[in-house]
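Source file: my_file.cif. Holds: mmCIF, C-alpha atoms.
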```cif
data_my_file
loop_
_atom_site.group_PDB
_atom_site.id
_atom_site.type_symbol
_atom_site.label_atom_id
_atom_site.label_comp_id
_atom_site.auth_asym_id
_atom_site.auth_seq_id
_atom_site.Cartn_x
_atom_site.Cartn_y
_atom_site.Cartn_z
ATOM 1 C CA MET A 1474 0.000 0.000 0.000
ATOM 2 C CA ALA A 1475 2.733 2.417 1.010
ATOM 3 C CA SER A 1476 4.755 1.682 -2.105
ATOM 4 C CA LYS A 1477 1.680 2.371 -4.271
ATOM 5 C CA ILE A 1478 1.228 5.828 -2.740
ATOM 6 C CA ALA A 1479 4.916 6.588 -3.239
ATOM 7 C CA THR A 1480 4.822 5.720 -6.950
ATOM 8 C CA GLU A 1481 1.685 7.878 -7.398
ATOM 9 C CA MET A 1482 3.462 10.829 -5.778
ATOM 10 C CA THR A 1483 6.549 10.542 -7.968
ATOM 11 C CA GLU A 1484 4.459 10.360 -11.116
ATOM 12 C CA GLU A 1485 2.554 13.533 -10.259
ATOM 13 C CA GLU A 1486 3.543 16.222 -12.732
ATOM 14 C CA ILE A 1487 5.039 19.324 -11.157
ATOM 15 C CA THR A 1488 3.934 22.481 -12.919
ATOM 16 C CA MET A 1489 4.728 26.104 -12.195
ATOM 17 C CA ASP A 1490 2.048 28.710 -12.655
ATOM 18 C CA MET A 1491 3.606 31.262 -15.011
ATOM 19 C CA THR A 1492 0.617 33.616 -15.086
ATOM 20 C CA PRO A 1493 1.693 36.040 -12.288
ATOM 21 C CA MET A 1494 5.189 36.329 -13.747
ATOM 22 C CA ILE A 1495 3.855 37.082 -17.219
ATOM 23 C CA ASP A 1496 1.449 39.636 -15.704
ATOM 24 C CA CYS A 1497 4.279 41.386 -13.887
ATOM 25 C CA THR A 1498 6.500 41.333 -16.949
ATOM 26 C CA PHE A 1499 3.800 42.835 -19.135
ATOM 27 C CA LEU A 1500 3.095 45.526 -16.580
ATOM 28 C CA LEU A 1501 6.790 46.439 -16.445
ATOM 29 C CA LEU A 1502 6.973 46.418 -20.221
ATOM 30 C CA ILE A 1503 3.981 48.729 -20.531
ATOM 31 C CA PHE A 1504 5.427 51.000 -17.842
ATOM 32 C CA PHE A 1505 8.780 51.351 -19.621
ATOM 33 C CA MET A 1506 7.124 51.849 -22.995
ATOM 34 C CA CYS A 1507 4.971 54.632 -21.592
ATOM 35 C CA THR A 1508 7.711 56.401 -19.667
ATOM 36 C CA LEU A 1509 10.323 56.184 -22.384
ATOM 37 C CA ASN A 1510 11.337 59.598 -23.617
ATOM 38 C CA PHE A 1511 11.994 59.182 -27.250
ATOM 39 C CA LYS A 1512 14.983 61.161 -28.377
ATOM 40 C CA SER A 1513 13.637 64.276 -30.016
ATOM 41 C CA MET A 1514 14.895 65.164 -33.446
ATOM 42 C CA GLU A 1515 17.819 67.180 -32.275
ATOM 43 C CA GLY A 1516 20.189 69.107 -34.489
ATOM 44 C CA LEU A 1517 23.232 71.311 -34.139
ATOM 45 C CA LEU A 1518 23.960 74.891 -35.046
ATOM 46 C CA ILE A 1519 27.710 75.185 -35.297
ATOM 47 C CA SER A 1520 29.377 78.335 -34.136
ATOM 48 C CA ASN A 1521 32.894 79.405 -33.320
ATOM 49 C CA LEU A 1522 34.160 81.523 -30.517
ATOM 50 C CA PRO A 1523 36.649 84.234 -31.422
ATOM 51 C CA LYS A 1524 40.331 83.332 -31.235
ATOM 52 C CA GLU A 1525 41.563 86.904 -30.921
ATOM 53 C CA GLU A 1526 43.053 88.094 -27.691
ATOM 54 C CA GLY A 1527 40.421 89.690 -25.570
ATOM 55 C CA ILE A 1528 37.254 87.749 -25.937
ATOM 56 C CA PHE A 1529 35.187 90.743 -24.974
ATOM 57 C CA ASN A 1530 35.288 92.257 -28.388
ATOM 58 C CA VAL A 1531 34.668 89.644 -30.957
ATOM 59 C CA ALA A 1532 34.748 91.555 -34.184
ATOM 60 C CA SER A 1533 37.442 89.816 -36.130
ATOM 61 C CA LYS A 1534 40.317 92.221 -36.751
ATOM 62 C CA SER A 1535 41.688 90.071 -39.546
ATOM 63 C CA ASN A 1536 38.412 90.261 -41.441
ATOM 64 C CA PRO A 1537 38.099 93.482 -43.415
ATOM 65 C CA MET A 1538 34.466 92.843 -44.329
ATOM 66 C CA GLU A 1539 31.964 95.221 -42.865
ATOM 67 C CA PRO A 1540 30.184 93.316 -40.121
ATOM 68 C CA ILE A 1541 26.461 92.983 -39.649
ATOM 69 C CA HIS A 1542 25.422 93.795 -36.097
ATOM 70 C CA ILE A 1543 22.303 92.099 -34.762
ATOM 71 C CA ALA A 1544 21.206 93.379 -31.381
ATOM 72 C CA LEU A 1545 18.664 91.533 -29.270
ATOM 73 C CA LYS A 1546 17.251 93.462 -26.341
ATOM 74 C CA ASN A 1547 14.710 92.392 -23.830
ATOM 75 C CA ALA A 1548 11.504 94.391 -23.987
ATOM 76 C CA PRO A 1549 8.444 93.819 -21.758
ATOM 77 C CA GLY A 1550 6.551 90.877 -23.220
ATOM 78 C CA SER A 1551 8.587 90.776 -26.388
ATOM 79 C CA ILE A 1552 12.012 91.277 -27.849
ATOM 80 C CA GLN A 1553 13.549 94.235 -29.609
ATOM 81 C CA ILE A 1554 15.599 93.319 -32.670
ATOM 82 C CA THR A 1555 17.833 95.734 -34.507
ATOM 83 C CA VAL A 1556 20.020 95.200 -37.545
ATOM 84 C CA GLY A 1557 22.594 97.960 -37.572
ATOM 85 C CA SER A 1558 20.476 100.894 -36.466
ATOM 86 C CA ASP A 1559 17.181 99.705 -37.960
ATOM 87 C CA SER A 1560 14.508 98.146 -35.811
ATOM 88 C CA MET A 1561 13.024 94.851 -37.068
ATOM 89 C CA ARG A 1562 9.601 93.363 -36.418
ATOM 90 C CA ASP A 1563 10.648 89.723 -36.443
ATOM 91 C CA PHE A 1564 13.343 87.329 -37.615
ATOM 92 C CA ASP A 1565 11.780 87.043 -41.089
ATOM 93 C CA GLU A 1566 12.507 90.719 -41.575
ATOM 94 C CA VAL A 1567 16.025 90.201 -40.232
ATOM 95 C CA TYR A 1568 16.476 87.427 -42.791
ATOM 96 C CA SER A 1569 15.308 89.640 -45.681
ATOM 97 C CA ARG A 1570 17.526 92.511 -44.621
ATOM 98 C CA VAL A 1571 20.644 90.433 -44.041
ATOM 99 C CA ARG A 1572 20.145 88.452 -47.246
ATOM 100 C CA LEU A 1573 19.938 91.665 -49.239
ATOM 101 C CA PHE A 1574 23.117 92.894 -47.563
ATOM 102 C CA VAL A 1575 24.913 89.634 -48.379
ATOM 103 C CA GLN A 1576 23.755 89.697 -52.006
ATOM 104 C CA GLN A 1577 25.033 93.240 -52.413
ATOM 105 C CA SER A 1578 28.395 92.334 -50.975
ATOM 106 C CA VAL A 1579 28.880 89.370 -53.342
ATOM 107 C CA THR A 1580 30.555 91.617 -55.866
ATOM 108 C CA LEU A 1581 33.324 92.471 -53.449
ATOM 109 C CA ALA A 1582 36.587 90.769 -54.248
ATOM 110 C CA GLU A 1583 37.286 89.587 -50.705
ATOM 111 C CA ASN A 1584 36.550 85.952 -50.196
ATOM 112 C CA LYS A 1585 36.219 86.049 -46.434
ATOM 113 C CA PRO A 1586 32.946 85.486 -44.626
ATOM 114 C CA ILE A 1587 30.959 88.450 -43.431
ATOM 115 C CA PRO A 1588 30.964 88.724 -39.642
ATOM 116 C CA TYR A 1589 27.426 88.312 -38.332
ATOM 117 C CA ILE A 1590 27.829 89.731 -34.853
ATOM 118 C CA LEU A 1591 25.243 89.062 -32.194
ATOM 119 C CA ILE A 1592 24.949 91.523 -29.329
ATOM 120 C CA VAL A 1593 22.542 89.995 -26.866
ATOM 121 C CA ASP A 1594 21.173 91.312 -23.580
ATOM 122 C CA ASP A 1595 21.619 89.075 -20.548
ATOM 123 C CA GLN A 1596 17.900 88.617 -19.987
ATOM 124 C CA VAL A 1597 17.050 87.570 -23.550
ATOM 125 C CA ALA A 1598 15.686 84.034 -23.792
ATOM 126 C CA PHE A 1599 18.016 81.539 -25.451
ATOM 127 C CA ALA A 1600 15.324 80.684 -28.046
ATOM 128 C CA HIS A 1601 15.704 84.157 -29.600
ATOM 129 C CA VAL A 1602 19.472 83.755 -29.852
ATOM 130 C CA ILE A 1603 18.967 80.444 -31.655
ATOM 131 C CA SER A 1604 16.485 82.132 -34.027
ATOM 132 C CA ALA A 1605 19.117 84.772 -34.830
ATOM 133 C CA ILE A 1606 21.774 82.106 -35.477
ATOM 134 C CA ASN A 1607 19.250 80.203 -37.559
ATOM 135 C CA VAL A 1608 18.882 83.211 -39.884
ATOM 136 C CA ALA A 1609 22.635 83.193 -40.603
ATOM 137 C CA HIS A 1610 22.657 79.434 -41.255
ATOM 138 C CA LYS A 1611 19.643 79.780 -43.563
ATOM 139 C CA ILE A 1612 21.463 82.373 -45.661
ATOM 140 C CA ASN A 1613 24.645 80.280 -45.692
ATOM 141 C CA ASN A 1614 22.720 77.214 -46.857
ATOM 142 C CA GLU A 1615 21.348 79.134 -49.828
ATOM 143 C CA ASN A 1616 24.864 79.396 -51.301
ATOM 144 C CA ILE A 1617 24.485 82.901 -52.642
ATOM 145 C CA GLY A 1618 28.205 83.387 -52.957
ATOM 146 C CA LYS A 1619 29.047 84.857 -49.574
ATOM 147 C CA GLU A 1620 29.020 83.274 -46.168
ATOM 148 C CA LEU A 1621 28.217 84.690 -42.794
ATOM 149 C CA SER A 1622 30.315 83.782 -39.784
ATOM 150 C CA VAL A 1623 28.310 83.815 -36.575
ATOM 151 C CA GLU A 1624 30.151 85.604 -33.811
ATOM 152 C CA PHE A 1625 29.163 86.935 -30.442
ATOM 153 C CA LYS A 1626 30.022 90.216 -28.869
ATOM 154 C CA LEU A 1627 30.450 89.130 -25.287
ATOM 155 C CA THR A 1628 30.491 91.908 -22.753
ATOM 156 C CA ASN A 1629 30.584 91.737 -18.987
ATOM 157 C CA MET B 309 -24.808 1.493 -33.858
ATOM 158 C CA ALA B 310 -23.364 3.158 -30.865
ATOM 159 C CA LYS B 311 -21.178 6.239 -31.498
ATOM 160 C CA LYS B 312 -17.691 6.007 -30.255
ATOM 161 C CA SER B 313 -16.688 9.015 -28.206
ATOM 162 C CA ARG B 314 -13.323 10.274 -29.376
ATOM 163 C CA GLU B 315 -11.005 11.779 -26.783
ATOM 164 C CA LEU B 316 -9.659 15.105 -27.974
ATOM 165 C CA PRO B 317 -5.936 15.534 -27.556
ATOM 166 C CA GLU B 318 -4.949 18.139 -24.958
ATOM 167 C CA ILE B 319 -3.955 21.403 -26.648
ATOM 168 C CA SER B 320 -1.130 23.235 -24.984
ATOM 169 C CA MET B 321 0.608 26.420 -26.070
ATOM 170 C CA ASP B 322 4.335 26.765 -25.717
ATOM 171 C CA MET B 323 4.803 30.052 -23.886
ATOM 172 C CA THR B 324 8.593 30.040 -23.998
ATOM 173 C CA PRO B 325 9.123 32.124 -27.188
ATOM 174 C CA MET B 326 6.630 34.722 -26.017
ATOM 175 C CA ILE B 327 8.330 35.047 -22.650
ATOM 176 C CA ASP B 328 11.700 35.328 -24.408
ATOM 177 C CA VAL B 329 10.460 38.142 -26.629
ATOM 178 C CA VAL B 330 8.824 39.984 -23.753
ATOM 179 C CA PHE B 331 11.977 39.781 -21.641
ATOM 180 C CA ASN B 332 14.113 41.009 -24.522
ATOM 181 C CA LEU B 333 11.798 43.980 -25.012
ATOM 182 C CA LEU B 334 11.847 44.682 -21.312
ATOM 183 C CA ILE B 335 15.645 44.665 -21.146
ATOM 184 C CA PHE B 336 15.818 46.890 -24.237
ATOM 185 C CA PHE B 337 13.494 49.518 -22.797
ATOM 186 C CA MET B 338 15.257 49.486 -19.422
ATOM 187 C CA LEU B 339 18.646 50.044 -21.036
ATOM 188 C CA VAL B 340 17.510 52.661 -23.547
ATOM 189 C CA ASN B 341 15.687 54.562 -20.833
ATOM 190 C CA GLN B 342 18.843 54.847 -18.747
ATOM 191 C CA MET B 343 21.220 55.661 -21.581
ATOM 192 C CA ALA B 344 19.079 58.441 -23.012
ATOM 193 C CA GLN B 345 19.029 60.218 -19.683
ATOM 194 C CA VAL B 346 22.728 60.217 -18.935
ATOM 195 C CA GLU B 347 24.181 62.943 -21.158
ATOM 196 C CA ARG B 348 21.195 64.817 -22.449
ATOM 197 C CA ALA B 349 18.895 66.356 -19.897
ATOM 198 C CA VAL B 350 15.214 66.709 -20.624
ATOM 199 C CA LEU B 351 14.982 70.289 -21.858
ATOM 200 C CA ALA B 352 12.604 72.262 -24.013
ATOM 201 C CA LEU B 353 15.102 72.975 -26.760
ATOM 202 C CA PRO B 354 14.635 76.001 -29.016
ATOM 203 C CA LYS B 355 13.494 75.196 -32.535
ATOM 204 C CA ALA B 356 15.574 75.834 -35.634
ATOM 205 C CA ASP B 357 14.869 74.638 -39.160
ATOM 206 C CA GLN B 358 18.511 74.991 -40.227
ATOM 207 C CA ALA B 359 19.979 72.792 -37.500
ATOM 208 C CA LYS B 360 22.025 69.950 -38.898
ATOM 209 C CA GLU B 361 21.599 66.411 -37.731
ATOM 210 C CA GLU B 362 24.576 65.077 -35.834
ATOM 211 C CA GLN B 363 25.087 62.276 -38.357
ATOM 212 C CA GLN B 364 25.580 64.910 -41.067
ATOM 213 C CA ILE B 365 28.383 66.506 -39.109
ATOM 214 C CA GLY B 366 30.102 63.277 -38.201
ATOM 215 C CA GLU B 367 31.336 61.838 -34.983
ATOM 216 C CA ILE B 368 32.702 64.637 -32.875
ATOM 217 C CA SER B 369 33.931 64.024 -29.380
ATOM 218 C CA GLN B 370 32.152 66.752 -27.527
ATOM 219 C CA LEU B 371 31.373 67.721 -23.992
ATOM 220 C CA ILE B 372 27.665 68.284 -23.540
ATOM 221 C CA ILE B 373 26.657 71.106 -21.214
ATOM 222 C CA ASN B 374 22.979 71.263 -20.355
ATOM 223 C CA VAL B 375 21.641 74.631 -19.228
ATOM 224 C CA HIS B 376 18.306 74.495 -17.463
ATOM 225 C CA LYS B 377 15.615 77.169 -17.486
ATOM 226 C CA THR B 378 16.647 78.090 -13.947
ATOM 227 C CA GLY B 379 20.264 78.592 -15.005
ATOM 228 C CA ASP B 380 21.503 75.350 -13.436
ATOM 229 C CA LEU B 381 24.227 73.488 -15.288
ATOM 230 C CA GLU B 382 24.131 69.735 -15.811
ATOM 231 C CA ILE B 383 26.947 67.580 -17.168
ATOM 232 C CA ALA B 384 26.686 63.810 -17.680
ATOM 233 C CA GLY B 385 23.509 63.584 -15.639
ATOM 234 C CA ASN B 386 24.873 65.522 -12.652
ATOM 235 C CA LYS B 387 23.992 69.054 -11.689
ATOM 236 C CA VAL B 388 27.220 70.968 -11.202
ATOM 237 C CA THR B 389 28.100 74.191 -9.467
ATOM 238 C CA TRP B 390 30.001 76.890 -11.297
ATOM 239 C CA ASN B 391 33.283 75.900 -9.585
ATOM 240 C CA GLU B 392 32.795 72.249 -10.530
ATOM 241 C CA PHE B 393 32.043 73.277 -14.091
ATOM 242 C CA THR B 394 35.240 75.324 -14.418
ATOM 243 C CA LYS B 395 37.257 72.401 -13.017
ATOM 244 C CA ILE B 396 35.666 69.993 -15.483
ATOM 245 C CA LEU B 397 36.493 72.366 -18.345
ATOM 246 C CA GLU B 398 40.093 72.682 -17.194
ATOM 247 C CA GLU B 399 40.457 68.900 -17.044
ATOM 248 C CA GLU B 400 38.825 68.452 -20.427
ATOM 249 C CA THR B 401 41.132 70.956 -22.091
ATOM 250 C CA ARG B 402 44.513 69.822 -20.830
ATOM 251 C CA GLU B 403 45.493 68.631 -24.273
ATOM 252 C CA LYS B 404 46.267 71.550 -26.529
ATOM 253 C CA ASP B 405 47.450 71.787 -30.115
ATOM 254 C CA LYS B 406 50.587 73.605 -31.350
ATOM 255 C CA GLU B 407 48.819 76.949 -31.220
ATOM 256 C CA GLY B 408 47.767 76.304 -27.633
ATOM 257 C CA ASN B 409 44.109 75.815 -28.515
ATOM 258 C CA SER B 410 41.993 72.927 -27.338
ATOM 259 C CA GLN B 411 40.511 70.648 -29.983
ATOM 260 C CA ARG B 412 37.676 69.706 -27.665
ATOM 261 C CA ALA B 413 34.220 70.591 -28.949
ATOM 262 C CA ILE B 414 31.484 71.847 -26.690
ATOM 263 C CA LEU B 415 27.793 71.316 -27.231
ATOM 264 C CA ILE B 416 25.594 73.742 -25.340
ATOM 265 C CA ARG B 417 22.076 72.426 -24.825
ATOM 266 C CA GLY B 418 20.097 75.318 -23.456
ATOM 267 C CA ASP B 419 16.455 75.420 -22.503
ATOM 268 C CA CYS B 420 14.565 77.815 -24.765
ATOM 269 C CA GLU B 421 13.616 79.918 -21.737
ATOM 270 C CA ALA B 422 17.108 80.018 -20.239
ATOM 271 C CA GLU B 423 18.561 83.498 -19.989
ATOM 272 C CA PHE B 424 21.421 84.278 -22.337
ATOM 273 C CA ARG B 425 23.441 85.446 -19.310
ATOM 274 C CA VAL B 426 24.200 81.838 -18.328
ATOM 275 C CA ILE B 427 25.003 80.749 -21.885
ATOM 276 C CA LYS B 428 27.309 83.757 -22.188
ATOM 277 C CA GLU B 429 29.144 82.814 -19.005
ATOM 278 C CA VAL B 430 29.590 79.279 -20.344
ATOM 279 C CA MET B 431 30.998 80.677 -23.601
ATOM 280 C CA PHE B 432 33.334 82.981 -21.651
ATOM 281 C CA GLU B 433 34.657 80.023 -19.716
ATOM 282 C CA CYS B 434 35.132 78.017 -22.918
ATOM 283 C CA ALA B 435 37.057 80.856 -24.537
ATOM 284 C CA LYS B 436 39.215 81.203 -21.407
ATOM 285 C CA ASN B 437 40.119 77.540 -21.749
ATOM 286 C CA LYS B 438 40.887 77.995 -25.453
ATOM 287 C CA ILE B 439 37.884 76.042 -26.638
ATOM 288 C CA PHE B 440 36.547 77.613 -29.790
ATOM 289 C CA LYS B 441 34.408 74.867 -31.268
ATOM 290 C CA VAL B 442 31.023 75.555 -29.782
ATOM 291 C CA SER B 443 27.724 74.234 -31.084
ATOM 292 C CA PHE B 444 24.187 74.784 -29.912
ATOM 293 C CA SER B 445 21.500 72.167 -29.774
ATOM 294 C CA ALA B 446 18.148 72.887 -31.314
ATOM 295 C CA GLU B 447 15.078 70.862 -32.042
ATOM 296 C CA LEU B 448 14.748 70.254 -35.761
ATOM 297 C CA ASP B 449 11.763 72.238 -36.943
ATOM 298 C CA LYS B 450 10.972 70.768 -40.337
#
```
Show me, as structure tokens, the structure contained in the file I just sent.
Amino acid sequence: MASKIATEMTEEEITMDMTPMIDCTFLLLIFFMCTLNFKSMEGLLISNLPKEEGIFNVASKSNPMEPIHIALKNAPGSIQITVGSDSMRDFDEVYSRVRLFVQQSVTLAENKPIPYILIVDDQVAFAHVISAINVAHKINNENIGKELSVEFKLTN
Amino acid sequence: MAKKSRELPEISMDMTPMIDVVFNLLIFFMLVNQMAQVERAVLALPKADQAKEEQQIGEISQLIINVHKTGDLEIAGNKVTWNEFTKILEEETREKDKEGNSQRAILIRGDCEAEFRVIKEVMFECAKNKIFKVSFSAELDK
């Protein structure tokens, strides 16, 4: 009798219930899928800092081209943009003005890039600075014969 | 004539491949989640339609400096003080070329609402350490 019970016990199939593990795994999977921050389409705007002595005044001494000065000043609720001494409504207007300037300077014999100097107030949001740099890169990518070199006038 | 009752064979599904796939996916998401957070902080980057994708520029060994809206600096997943930042820059720029300039490139990832004051200070520090290759991160706006 005892030996019969023993053989029945050894023959009993041992199974593991996988359901809770699969449930947990799926929950974790869903959690990670939901919380994953997909890498946004990120790009670069290349710029160079001035190599001249005295980084406070960036205008390149070795470049004889007349520079274009873009000033960004913080105004209540908006931003004040000036190209040279002219006030601009937005960056589209800056683009038109600078493009015209670049086109006119194509005839000049010098092959050096035109300094595109940004003078930015401390309180100006970084997004506006990027918009200003973007204008220069847009003009450069159009290959109209002259290039702009983005530079900063850094003042303490 | 009496009908013979046929015993249906027991149908069982092999769960092993499914569990394998699920575990692989799980490991993938866990790893990707960690890696993405290390160097690049979650920032609202400014948009620029002329920004070039990093693949277009090629592999550049660059130090990524994240500038938060509050002006805090973050490098490699750690928030750093100004003193720590200057020390990191000094260490990163020990190797100089014949002209005494560093060949290290810097990528500034600034929040779109960050004040230019902080970015300017970062650029000052880079120039002091003879780093002239500076790029800005922007969200591709196409």
query = Taking all atoms listed in the file into account, which of A:Leu1621, A:Val1556, A:Val1571, A:Ala1609 comes nearest chain B?
reply =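 The answer is A:Ala1609, which sits nearest to chain B.
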Contact table chain B vs chain A, cut-off 6 Å, shortest pair per residue, only C-alpha atoms, as a Markdown table:
```
| residue | atom | partner | partner_atom | distance |
| --- | --- | --- | --- | --- |
| B:Leu334 | CA | A:Leu1502 | CA | 5.3 |
| B:Phe337 | CA | A:Phe1505 | CA | 6.0 |
| B:Asn341 | CA | A:Leu1509 | CA | 5.8 |
| B:Pro354 | CA | A:Ala1600 | CA | 4.8 |
| B:Gln358 | CA | A:Asn1607 | CA | 5.9 |
| B:Ala359 | CA | A:Gly1516 | CA | 4.8 |
| B:Lys360 | CA | A:Gly1516 | CA | 4.8 |
| B:Glu361 | CA | A:Gly1516 | CA | 4.4 |
| B:Cys420 | CA | A:Ala1600 | CA | 4.4 |
| B:Glu421 | CA | A:Ala1598 | CA | 5.0 |
| B:Ala422 | CA | A:Phe1599 | CA | 5.5 |
| B:Glu423 | CA | A:Ala1598 | CA | 4.8 |
| B:Phe424 | CA | A:Asp1595 | CA | 5.1 |
| B:Arg425 | CA | A:Asp1595 | CA | 4.2 |
| B:Phe440 | CA | A:Leu1522 | CA | 4.6 |
| B:Lys441 | CA | A:Asn1521 | CA | 5.2 |
| B:Val442 | CA | A:Ser1520 | CA | 5.4 |
| B:Ser443 | CA | A:Ile1519 | CA | 4.3 |
| B:Phe444 | CA | A:Leu1518 | CA | 5.1 |
| B:Ser445 | CA | A:Leu1517 | CA | 4.8 |
| B:Ala446 | CA | A:Gly1516 | CA | 5.3 |
| B:Glu447 | CA | A:Glu1515 | CA | 4.6 |
| B:Leu448 | CA | A:Glu1515 | CA | 5.6 |
```
ask   = At what distance in Å, to one decimal, does atom CA of Ile372 of chain B lie from atom CA of Asn386 of chain B?
value =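 We find that atom CA of Asn386 of chain B and atom CA of Ile372 of chain B lie 11.6 Å from each other.
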inquiry  = Which residues are near Leu381 of chain B? Cut-off 10 Å, all atoms listed in the file, ignore same chain within fewer than 6 positions. Put them as a PyMOL selection string.
reply    = chain B and resi 373-375+387-390+392-393+417-418+426-427+430
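Straight-line separation from atom CA of Asp1496 of chain A to atom CA of Val329 of chain B: 14.2 Å.
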